[in-house]
>>> print(open('data.txt').read())   # compact mmCIF, C-alpha atoms
# COMPACT_ATOMS: atom_id res chain seq x y z
CA MET A 1479 0.00 0.00 0.00
CA LYS A 1480 2.79 2.41 0.92
CA ASN A 1481 4.56 1.77 -2.42
CA LYS A 1482 1.34 2.46 -4.31
CA ILE A 1483 0.95 5.82 -2.58
CA LYS A 1484 4.56 6.73 -3.39
CA LYS A 1485 4.01 5.74 -7.03
CA TYR A 1486 0.87 7.89 -7.29
CA LEU A 1487 2.57 10.84 -5.60
CA LYS A 1488 5.49 10.61 -8.05
CA GLU A 1489 3.07 10.49 -10.99
CA ILE A 1490 1.19 13.52 -9.66
CA ILE A 1491 4.42 15.48 -9.17
CA VAL A 1492 5.63 14.59 -12.67
CA PHE A 1493 2.26 15.60 -14.13
CA ILE A 1494 2.33 18.94 -12.32
CA LEU A 1495 5.89 19.63 -13.49
CA ILE A 1496 5.00 18.78 -17.09
CA LEU A 1497 1.90 20.97 -16.88
CA LEU A 1498 3.95 23.83 -15.43
CA VAL A 1499 6.56 23.60 -18.18
CA ALA A 1500 3.88 23.32 -20.89
CA THR A 1501 1.98 26.38 -19.66
CA ASN A 1502 5.17 28.44 -19.48
CA VAL A 1503 6.14 27.40 -23.00
CA MET A 1504 2.66 28.29 -24.26
CA SER A 1505 2.83 31.66 -22.50
CA TYR A 1506 6.22 32.35 -24.05
CA PHE A 1507 5.01 31.60 -27.58
CA ASN A 1508 1.74 33.50 -27.09
CA SER A 1509 3.65 36.58 -25.93
CA GLN A 1510 5.99 36.71 -28.94
CA ASN A 1511 3.70 38.93 -31.03
CA LEU A 1512 2.57 41.32 -28.30
CA ASN A 1513 3.23 45.03 -28.69
CA LYS A 1514 6.54 45.50 -26.89
CA GLU A 1515 6.97 49.21 -27.54
CA LYS A 1516 7.36 51.81 -24.84
CA LEU A 1517 3.96 52.77 -23.42
CA SER A 1518 2.81 55.95 -25.12
CA ILE A 1519 -0.63 56.19 -23.54
CA ILE A 1520 -0.75 58.97 -20.97
CA ASN A 1521 -4.33 58.59 -19.75
CA PHE A 1522 -7.27 56.19 -19.74
CA THR A 1523 -10.99 56.77 -19.30
CA LEU A 1524 -12.14 54.44 -16.56
CA LEU A 1525 -15.44 52.65 -16.26
CA ASN A 1526 -16.64 55.27 -13.77
CA ASP A 1527 -15.94 57.98 -16.43
CA LYS A 1528 -12.97 59.36 -14.48
CA GLU A 1529 -9.67 60.02 -16.24
CA TYR A 1530 -6.74 57.98 -15.02
CA LEU A 1531 -3.44 59.77 -15.60
CA VAL A 1532 -0.51 57.38 -15.99
CA LEU A 1533 2.08 58.33 -13.38
CA GLN A 1534 5.46 58.90 -14.99
CA ASP A 1535 7.61 57.92 -12.04
CA LYS A 1536 6.01 54.62 -11.04
CA PRO A 1537 5.81 51.15 -12.55
CA LEU A 1538 2.47 50.26 -14.16
CA ILE A 1539 0.62 47.03 -14.72
CA ILE A 1540 -1.84 46.81 -17.60
CA HIS A 1541 -3.99 43.72 -17.38
CA PHE A 1542 -6.27 42.61 -20.22
CA TRP A 1543 -9.17 40.38 -19.23
CA ALA A 1544 -12.77 39.57 -20.11
CA THR A 1545 -15.89 38.69 -18.17
CA TRP A 1546 -16.39 35.66 -20.43
CA CYS A 1547 -12.87 34.30 -19.79
CA PRO A 1548 -12.75 31.47 -17.20
CA THR A 1549 -9.03 31.88 -16.48
CA CYS A 1550 -9.55 35.61 -15.93
CA LYS A 1551 -12.00 34.81 -13.12
CA PHE A 1552 -9.34 32.77 -11.31
CA GLU A 1553 -6.72 35.46 -11.76
CA ALA A 1554 -8.94 38.42 -10.79
CA SER A 1555 -8.24 38.12 -7.05
CA ASN A 1556 -4.48 38.21 -7.79
CA ILE A 1557 -4.90 41.44 -9.74
CA GLU A 1558 -7.14 42.83 -6.98
CA LYS A 1559 -4.42 42.20 -4.37
CA LEU A 1560 -1.73 43.74 -6.56
CA SER A 1561 -3.87 46.83 -7.19
CA LYS A 1562 -3.72 47.64 -3.48
CA ASP A 1563 0.08 48.10 -3.66
CA TYR A 1564 0.82 49.14 -7.24
CA GLU A 1565 -0.54 51.18 -10.13
CA VAL A 1566 -2.86 48.82 -12.03
CA ILE A 1567 -5.10 49.44 -15.01
CA THR A 1568 -7.29 46.59 -16.16
CA ILE A 1569 -8.90 46.52 -19.56
CA ALA A 1570 -12.12 44.54 -19.93
CA VAL A 1571 -12.18 43.44 -23.55
CA GLN A 1572 -15.50 42.98 -25.33
CA SER A 1573 -17.17 42.24 -22.02
CA GLY A 1574 -20.40 44.14 -22.54
CA THR A 1575 -21.73 47.47 -21.46
CA LYS A 1576 -20.53 49.59 -18.58
CA GLU A 1577 -23.44 48.32 -16.49
CA GLU A 1578 -22.69 44.66 -17.27
CA ILE A 1579 -19.06 45.04 -16.26
CA GLU A 1580 -20.01 46.95 -13.09
CA LYS A 1581 -22.38 44.10 -12.18
CA TYR A 1582 -19.60 41.56 -12.76
CA LEU A 1583 -17.17 43.55 -10.60
CA LYS A 1584 -19.70 43.85 -7.79
CA GLU A 1585 -20.54 40.12 -7.89
CA HIS A 1586 -16.84 39.25 -7.61
CA ASN A 1587 -15.89 41.99 -5.07
CA LEU A 1588 -13.40 43.61 -7.44
CA THR A 1589 -12.42 47.24 -7.02
CA PHE A 1590 -9.47 47.70 -9.39
CA ASN A 1591 -9.44 50.36 -12.12
CA VAL A 1592 -11.25 49.20 -15.25
CA VAL A 1593 -11.31 50.49 -18.80
CA ASN A 1594 -14.15 49.17 -20.98
CA ASP A 1595 -12.65 48.09 -24.31
CA GLU A 1596 -16.07 47.38 -25.78
CA GLU A 1597 -14.87 47.39 -29.40
CA GLY A 1598 -11.50 45.74 -28.68
CA THR A 1599 -9.47 48.77 -29.76
CA TYR A 1600 -6.90 48.55 -26.95
CA SER A 1601 -6.54 44.80 -27.35
CA GLN A 1602 -5.85 45.28 -31.06
CA ASN A 1603 -3.27 48.00 -30.37
CA PHE A 1604 -1.46 45.72 -27.93
CA ASN A 1605 -1.93 42.73 -30.28
CA ILE A 1606 -3.71 40.63 -27.67
CA LYS A 1607 -4.75 37.18 -28.91
CA ALA A 1608 -5.43 35.37 -25.63
CA PHE A 1609 -6.75 36.26 -22.18
CA PRO A 1610 -5.69 37.13 -19.61
CA THR A 1611 -2.61 39.06 -20.74
CA THR A 1612 -0.56 41.21 -18.41
CA PHE A 1613 2.05 43.86 -19.19
CA ILE A 1614 4.42 45.27 -16.59
CA TYR A 1615 6.11 48.57 -17.37
CA ASP A 1616 8.89 50.22 -15.39
CA GLU A 1617 8.82 53.83 -14.15
CA ASN A 1618 10.01 54.98 -17.59
CA LYS A 1619 7.17 53.02 -19.27
CA ASN A 1620 9.50 50.50 -20.87
CA LEU A 1621 8.01 47.02 -21.05
CA ARG A 1622 9.76 44.71 -18.59
CA PHE A 1623 7.44 41.70 -18.52
CA SER A 1624 4.51 40.34 -20.46
CA GLU A 1625 2.54 37.28 -19.49
CA VAL A 1626 -0.18 35.46 -21.40
CA GLY A 1627 -2.36 33.25 -19.26
CA TYR A 1628 -2.73 32.82 -15.53
CA THR A 1629 -0.15 34.39 -13.24
CA SER A 1630 -0.06 33.81 -9.49
CA THR A 1631 -0.08 36.59 -6.93
CA PHE A 1632 3.45 35.58 -5.96
CA GLY A 1633 4.58 35.72 -9.60
CA LEU A 1634 3.11 39.19 -10.07
CA TYR A 1635 4.64 40.54 -6.85
CA PHE A 1636 7.98 38.96 -7.74
CA ARG A 1637 8.00 40.68 -11.13
CA MET A 1638 7.07 44.03 -9.58
CA LYS A 1639 9.84 43.73 -6.97
CA PHE A 1640 12.26 42.90 -9.79
CA VAL A 1641 11.18 46.04 -11.70
CA GLU A 1642 11.57 48.17 -8.56
CA TYR A 1643 14.96 46.69 -7.71
CA PHE A 1644 16.41 47.31 -11.15
CA LYS A 1645 15.30 50.92 -11.60
CA LYS A 1646 17.36 52.77 -14.16
>>> encode(input="data.txt", output="structure tokens")
Amino acid sequence: MKNKIKKYLKEIIVFILILLVATNVMSYFNSQNLNKEKLSIINFTLLNDKEYLVLQDKPLIIHFWATWCPTCKFEASNIEKLSKDYEVITIAVQSGTKEEIEKYLKEHNLTFNVVNDEEGTYSQNFNIKAFPTTFIYDENKNLRFSEVGYTSTFGLYFRMKFVEYFKK
């Protein structure tokens, strides 16, 4: 019995490692065609009709998601946590009207800044093909990281600490 348990545990660990490697490889290939230029946007109009001015001396996270995306639902709490400590703009892509997105945010207790990309204009400009997709810019608005797919809270915080540590 003990040997069977060890065998199953080894198989589970190998499966998890293979899955982890596969998802990272997929993320790498999916991020190859993203817009990697310096961020030129200086302001966004948020869901609540307020203007969000991009701060020039702080790192910025831009997170593309959709209400219809199952992975985005799992990652939303990670983005919510990060938004308490860092500048975060989220862009809801083709997720319905302002009211529909507000309802979604309320149902999921999300308070981060949201831009409604109803027509998919921002996602086209950034060349987004899969959701969620996250961009991390340094204080000079140079792209430091891009991630396609789920990213853990730890992974996001680690990347932000890296950006802060290596300020130019």
>>> residues_around(input="data.txt", residues="Ala1554 in chain A", least_positions_apart="6", cutoff="10 Å", atoms="all atoms listed in the file", output="compact mmCIF listing (two decimals) with C-alpha atoms, keeping the file's coordinate frame")
# COMPACT_ATOMS: atom_id res chain seq x y z
CA HIS A 1541 -3.99 43.72 -17.38
CA TRP A 1543 -9.17 40.38 -19.23
CA LEU A 1560 -1.73 43.74 -6.56
CA THR A 1568 -7.29 46.59 -16.16
CA LEU A 1583 -17.17 43.55 -10.60
CA HIS A 1586 -16.84 39.25 -7.61
CA ASN A 1587 -15.89 41.99 -5.07
CA LEU A 1588 -13.40 43.61 -7.44
CA PHE A 1590 -9.47 47.70 -9.39
CA PRO A 1610 -5.69 37.13 -19.61
CA TYR A 1628 -2.73 32.82 -15.53
CA THR A 1629 -0.15 34.39 -13.24
CA THR A 1631 -0.08 36.59 -6.93
>>> atom_distance(input="data.txt", atom1="CA of Thr1612 in chain A", atom2="CA of Asn1526 in chain A")
21.9 Å
>>> closest_residue(input="data.txt", among="A:Thr1589, A:Ser1555, A:Asn1618, A:Ser1518", to="Gln1534 in chain A", atoms="all atoms listed in the file")
A:Asn1618
>>> atom_distance(input="data.txt", atom1="CA of Phe1604 in chain A", atom2="CA of Ile1567 in chain A")
13.9 Å
>>> atom_distance(input="data.txt", atom1="CA of Lys1551 in chain A", atom2="CA of Ile1579 in chain A")
12.8 Å
>>> residues_around(input="data.txt", residues="Ser1601 in chain A", least_positions_apart="4", cutoff="12 Å", atoms="only C-alpha atoms", output="ChimeraX atom specification")
/A:1512-1513,1540-1544,1568-1572,1593-1597,1605-1613
>>> residues_around(input="data.txt", residues="range 1632-1634 of chain A", least_positions_apart="6", cutoff="12 Å", atoms="only C-alpha atoms", output="list of chain:residue names")
A:Leu1538, A:Ile1539, A:Ile1540, A:His1541, A:Glu1553, A:Ser1555, A:Asn1556, A:Ile1557, A:Glu1558, A:Lys1559, A:Leu1560, A:Ser1561, A:Asp1563, A:Tyr1564, A:Val1566, A:Thr1612, A:Phe1613, A:Ile1614, A:Phe1623, A:Ser1624, A:Glu1625, A:Phe1640, A:Val1641
>>> closest_residue(input="data.txt", among="A:Val1626, A:Met1638, A:Val1492, A:Val1592", to="Thr1545 in chain A", atoms="all atoms listed in the file")
A:Val1592
>>> residues_near_point(input="data.txt", point="(-7.7, 56.3, -9.6)", cutoff="9 Å", atoms="only C-alpha atoms", output="list in words")
Leu1524, Lys1528, Glu1529, Tyr1530, Leu1531, Glu1565, Phe1590 and Asn1591 of chain A
>>> residues_around(input="data.txt", residues="Phe1644 in chain A", least_positions_apart="6", cutoff="12 Å", atoms="all atoms listed in the file", output="VMD selection string")
chain A and resid 1537 1616 to 1618 1622 1637 to 1638
>>> axis_aligned_box(input="data.txt", around="range 1570-1587 of chain A", padding_each_side="6 Å", output="lines of an AutoDock Vina configuration file")
center_x = -17.8
center_y = 44.4
center_z = -15.2
size_x = 23.3
size_y = 22.3
size_z = 32.3
